[in-house]
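Peer 1: Quick one: the structure is below, questions incoming.
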Amino acid sequence: MILTGIVAGGTGSRMGHTALPKQFWELAGKPVFVYTAEAFLKSTDFVIIGMNPAYVEQARQLAEQFLPDKVFVIDGGADRNETVSRIIAFAREKLACQREDVILTHDAVRPFVTQQMIQDSLAAVRNCDICTAAVPATDTLAVSCDGSTADSFPDRSQMFLVQTPQTFRIGDFEEIYRSLDEEEKHLATDVCRLFQAKHKKVKLIAGSPDNIKLTYLHDYQIACLLAKNR
């Protein structure tokens with residue numbers, strides 16, 4: 001079985017002026033999280049959306065309106081990895097998923113994932129523990145410990161910007177997540193860092209500059225333009 005876990009627990013605080021989280025904003029006539037889920041429905045068996053609990057009922061109503069019945073909306077966790085953990089627990093209980101089943105985890109507000117990325121992820125995970133979409137860094141990068149002075153400039157040719165999907169077997173995640181203490185869980189901002197904490201190699205597959213994450217208002221404005229041209 002191949003699953004998709006969509007992480008949608010954010011509140012959109014960095015957008016700065018909205019009553020609704022950005023995953024509910026309209027994109028091409030539908031909520032952003034719906035637009036995102038539709039891409040994965042073409043290639044995976046089920047889609048499970050881990051939503052901010054305050055918006056679960058609203059999201060379920062929209063899912064019923066726009067999406068087929070193989071999409072489920074559940075309460076997300078306090079952070080990204082706890083949300084992934086809850087998605088996997090739901091898949092185990094309700095969908096009888098097995099240890100070797102594969103899950104692609106993806107940001108709800110990264111709506112321009114392509115079928116090529118999904119297929120490349122599924123191909124790569126056959127021969128690795130985990131893979132993630134990523135793009136080479138194109139700007140000069142600076143490291144600053146105090147946020148105001150550059151301490152070093154790493155070699156850009158070795159730097160990549162990590163995107164999603166991040167793809168792995170559900171049993172591997174369960175084993176690693178159970179083995180981490182609370183500090184390790186806190187330091188790992190995504191699943192790749194969880195795996196790396198246990199010395200698992202992270203395979204990179206080609207992402208895309210268009211695979212943007214809607215974090216600030218200008219990201220949403222760009223997304224609207226991209227959606228018009230698709």
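Letters for chains follow the order of the structure tokens (A, B, ...), residue numbers begin at 1 for each chain, and ligand numbers begin at 1 in the order shown.
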When DSSP is applied to the backbone of this structure, which of stretch 86-168 of chain A are assigned strand (DSSP E)? Write them out as a count of residues only.
Peer 2: 22
Peer 1: Taking 2 positions as the minimum chain separation for residues in the same chain, which residues sit within 8 Å of A:Val71 when counting only C-alpha atoms? Answer as a list in words.
Peer 2: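 Once the nearby chain positions are removed, what remains is Phe46, Val47, Ile48, Ile49, Ala63, Leu67, Pro68, Asp69 and Val73 of chain A.
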Peer 1: Considering only C-alpha atoms, tabulate each residue of stretch 27-92 of chain A that lies at most 12 Å from stretch 212-217 of chain A along with its nearest interatomic pair and the corresponding distance in Å to one decimal; arrange the rows by chain and ascending residue number and present them as JSON lines.
Peer 2:
```
{"residue": "A:Leu27", "atom": "CA", "partner": "A:Leu214", "partner_atom": "CA", "distance": 11.4}
{"residue": "A:Val32", "atom": "CA", "partner": "A:Leu214", "partner_atom": "CA", "distance": 9.5}
{"residue": "A:Phe33", "atom": "CA", "partner": "A:Leu214", "partner_atom": "CA", "distance": 11.1}
{"residue": "A:Thr36", "atom": "CA", "partner": "A:Lys213", "partner_atom": "CA", "distance": 11.2}
```
Peer 1: Only N, CA, C and O atoms, please: the residues just picked out, written as a PDB file, in the first residue's frame.
Peer 2:
```pdb
ATOM      1  N   LEU A  27      -7.242  28.554  -4.011  1.00  0.00           N
ATOM      2  CA  LEU A  27      -6.275  28.471  -5.098  1.00  0.00           C
ATOM      3  C   LEU A  27      -6.949  27.732  -6.248  1.00  0.00           C
ATOM      4  O   LEU A  27      -7.363  26.581  -6.092  1.00  0.00           O
ATOM      5  N   VAL A  32      -6.348  25.434  -0.661  1.00  0.00           N
ATOM      6  CA  VAL A  32      -4.983  25.008  -0.966  1.00  0.00           C
ATOM      7  C   VAL A  32      -4.762  23.546  -0.600  1.00  0.00           C
ATOM      8  O   VAL A  32      -4.172  22.779  -1.372  1.00  0.00           O
ATOM      9  N   PHE A  33      -5.235  23.093   0.567  1.00  0.00           N
ATOM     10  CA  PHE A  33      -4.973  21.712   0.963  1.00  0.00           C
ATOM     11  C   PHE A  33      -5.663  20.723   0.036  1.00  0.00           C
ATOM     12  O   PHE A  33      -5.169  19.610  -0.188  1.00  0.00           O
ATOM     13  N   THR A  36      -3.544  20.478  -3.112  1.00  0.00           N
ATOM     14  CA  THR A  36      -2.381  19.641  -2.844  1.00  0.00           C
ATOM     15  C   THR A  36      -2.757  18.165  -2.826  1.00  0.00           C
ATOM     16  O   THR A  36      -2.073  17.323  -3.427  1.00  0.00           O
TER      17      THR A  36
END
```
Peer 1: Using DSSP on the backbone, list every residue of stretch 55-217 of chain A that comes out as alpha helix (DSSP H), and give them as JSON, numbers by chain.
Peer 2: {"A": [56, 57, 58, 59, 60, 61, 62, 63, 64, 65, 66, 80, 81, 82, 83, 84, 85, 86, 87, 88, 89, 90, 91, 92, 93, 94, 95, 115, 116, 117, 118, 119, 120, 121, 122, 123, 124, 170, 171, 172, 173, 174, 175, 176, 177, 178, 179, 182, 183, 184, 185, 186, 187, 191, 192, 193, 194, 195, 196, 197, 217]}
Peer 1: Write out the residues from the selection above, keeping C-alpha atoms, as a PDB file, in the first residue's frame.
Peer 2:
```pdb
ATOM      1  CA  VAL A  56     -10.678  19.613  11.559  1.00  0.00           C
ATOM      2  CA  GLU A  57     -14.447  19.806  11.147  1.00  0.00           C
ATOM      3  CA  GLN A  58     -14.194  22.618   8.614  1.00  0.00           C
ATOM      4  CA  ALA A  59     -11.559  20.666   6.692  1.00  0.00           C
ATOM      5  CA  ARG A  60     -13.696  17.515   6.726  1.00  0.00           C
ATOM      6  CA  GLN A  61     -16.625  19.385   5.235  1.00  0.00           C
ATOM      7  CA  LEU A  62     -14.432  20.750   2.460  1.00  0.00           C
ATOM      8  CA  ALA A  63     -12.883  17.345   1.848  1.00  0.00           C
ATOM      9  CA  GLU A  64     -16.352  15.845   1.456  1.00  0.00           C
ATOM     10  CA  GLN A  65     -17.200  18.597  -1.022  1.00  0.00           C
ATOM     11  CA  PHE A  66     -14.075  18.391  -3.182  1.00  0.00           C
ATOM     12  CA  ARG A  80       5.314  18.196  12.401  1.00  0.00           C
ATOM     13  CA  ASN A  81       6.687  14.840  13.459  1.00  0.00           C
ATOM     14  CA  GLU A  82       3.936  14.216  15.990  1.00  0.00           C
ATOM     15  CA  THR A  83       1.451  14.894  13.194  1.00  0.00           C
ATOM     16  CA  VAL A  84       3.212  12.312  11.019  1.00  0.00           C
ATOM     17  CA  SER A  85       3.106   9.886  13.942  1.00  0.00           C
ATOM     18  CA  ARG A  86      -0.644  10.387  14.305  1.00  0.00           C
ATOM     19  CA  ILE A  87      -1.188   9.920  10.585  1.00  0.00           C
ATOM     20  CA  ILE A  88       0.686   6.619  10.695  1.00  0.00           C
ATOM     21  CA  ALA A  89      -1.201   5.460  13.799  1.00  0.00           C
ATOM     22  CA  PHE A  90      -4.483   6.177  11.994  1.00  0.00           C
ATOM     23  CA  ALA A  91      -3.288   4.263   8.935  1.00  0.00           C
ATOM     24  CA  ARG A  92      -2.360   1.301  11.109  1.00  0.00           C
ATOM     25  CA  GLU A  93      -5.699   1.228  12.933  1.00  0.00           C
ATOM     26  CA  LYS A  94      -8.162   2.155  10.200  1.00  0.00           C
ATOM     27  CA  LEU A  95      -6.467   1.027   6.991  1.00  0.00           C
ATOM     28  CA  GLN A 115       3.743  13.581 -10.657  1.00  0.00           C
ATOM     29  CA  GLN A 116       7.410  13.296 -11.614  1.00  0.00           C
ATOM     30  CA  MET A 117       8.465  14.088  -8.035  1.00  0.00           C
ATOM     31  CA  ILE A 118       6.015  11.545  -6.667  1.00  0.00           C
ATOM     32  CA  GLN A 119       7.147   8.813  -9.056  1.00  0.00           C
ATOM     33  CA  ASP A 120      10.830   9.616  -8.480  1.00  0.00           C
ATOM     34  CA  SER A 121      10.234   9.393  -4.725  1.00  0.00           C
ATOM     35  CA  LEU A 122       8.554   6.005  -5.002  1.00  0.00           C
ATOM     36  CA  ALA A 123      11.340   4.701  -7.218  1.00  0.00           C
ATOM     37  CA  ALA A 124      14.092   5.971  -4.923  1.00  0.00           C
ATOM     38  CA  ILE A 170       5.973   3.444   8.034  1.00  0.00           C
ATOM     39  CA  GLY A 171       7.642   0.781  10.176  1.00  0.00           C
ATOM     40  CA  ASP A 172      11.002   2.542   9.944  1.00  0.00           C
ATOM     41  CA  PHE A 173       9.445   5.786  11.157  1.00  0.00           C
ATOM     42  CA  GLU A 174       7.698   4.058  14.058  1.00  0.00           C
ATOM     43  CA  GLU A 175      10.902   2.388  15.213  1.00  0.00           C
ATOM     44  CA  ILE A 176      12.966   5.575  15.018  1.00  0.00           C
ATOM     45  CA  TYR A 177      10.318   7.830  16.583  1.00  0.00           C
ATOM     46  CA  ARG A 178       9.910   5.501  19.571  1.00  0.00           C
ATOM     47  CA  SER A 179      13.675   5.431  20.145  1.00  0.00           C
ATOM     48  CA  GLU A 182      12.120  14.446  23.860  1.00  0.00           C
ATOM     49  CA  GLU A 183      15.147  16.622  23.126  1.00  0.00           C
ATOM     50  CA  GLU A 184      15.943  14.670  19.964  1.00  0.00           C
ATOM     51  CA  LYS A 185      12.340  14.971  18.831  1.00  0.00           C
ATOM     52  CA  HIS A 186      12.411  18.711  19.482  1.00  0.00           C
ATOM     53  CA  LEU A 187      15.599  19.229  17.460  1.00  0.00           C
ATOM     54  CA  VAL A 191      11.299  13.376   9.205  1.00  0.00           C
ATOM     55  CA  CYS A 192      14.655  13.491   7.419  1.00  0.00           C
ATOM     56  CA  ARG A 193      16.340  14.839  10.528  1.00  0.00           C
ATOM     57  CA  LEU A 194      14.689  12.111  12.602  1.00  0.00           C
ATOM     58  CA  PHE A 195      16.168   9.462  10.325  1.00  0.00           C
ATOM     59  CA  GLN A 196      19.557  11.159  10.221  1.00  0.00           C
ATOM     60  CA  ALA A 197      19.634  11.237  14.031  1.00  0.00           C
ATOM     61  CA  LEU A 217       1.882  36.610   1.557  1.00  0.00           C
TER      62      LEU A 217
END
```
Peer 1: Find the spatial neighbours of A:Thr138, counting only C-alpha atoms, within a cut-off of 8 Å - ignore same-chain residues fewer than 2 positions away - and output them as a list of chain:residue names.
Peer 2: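 Non-adjacent residues within range: A:Pro136, A:Thr140, A:Arg156.
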Peer 1: Hey, can you check how far atom CA of A:Tyr220 sits from atom CA of A:Ala28?
Peer 2: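 Computed distance, atom CA of A:Tyr220 to atom CA of A:Ala28, equals 11.8 Å.
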Peer 1: Work out how far atom CA of A:Ala188 is from atom CA of A:Glu38, in Å to one decimal.
Peer 2: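 According to the coordinates, atom CA of A:Glu38 and atom CA of A:Ala188 are separated by 28.2 Å.
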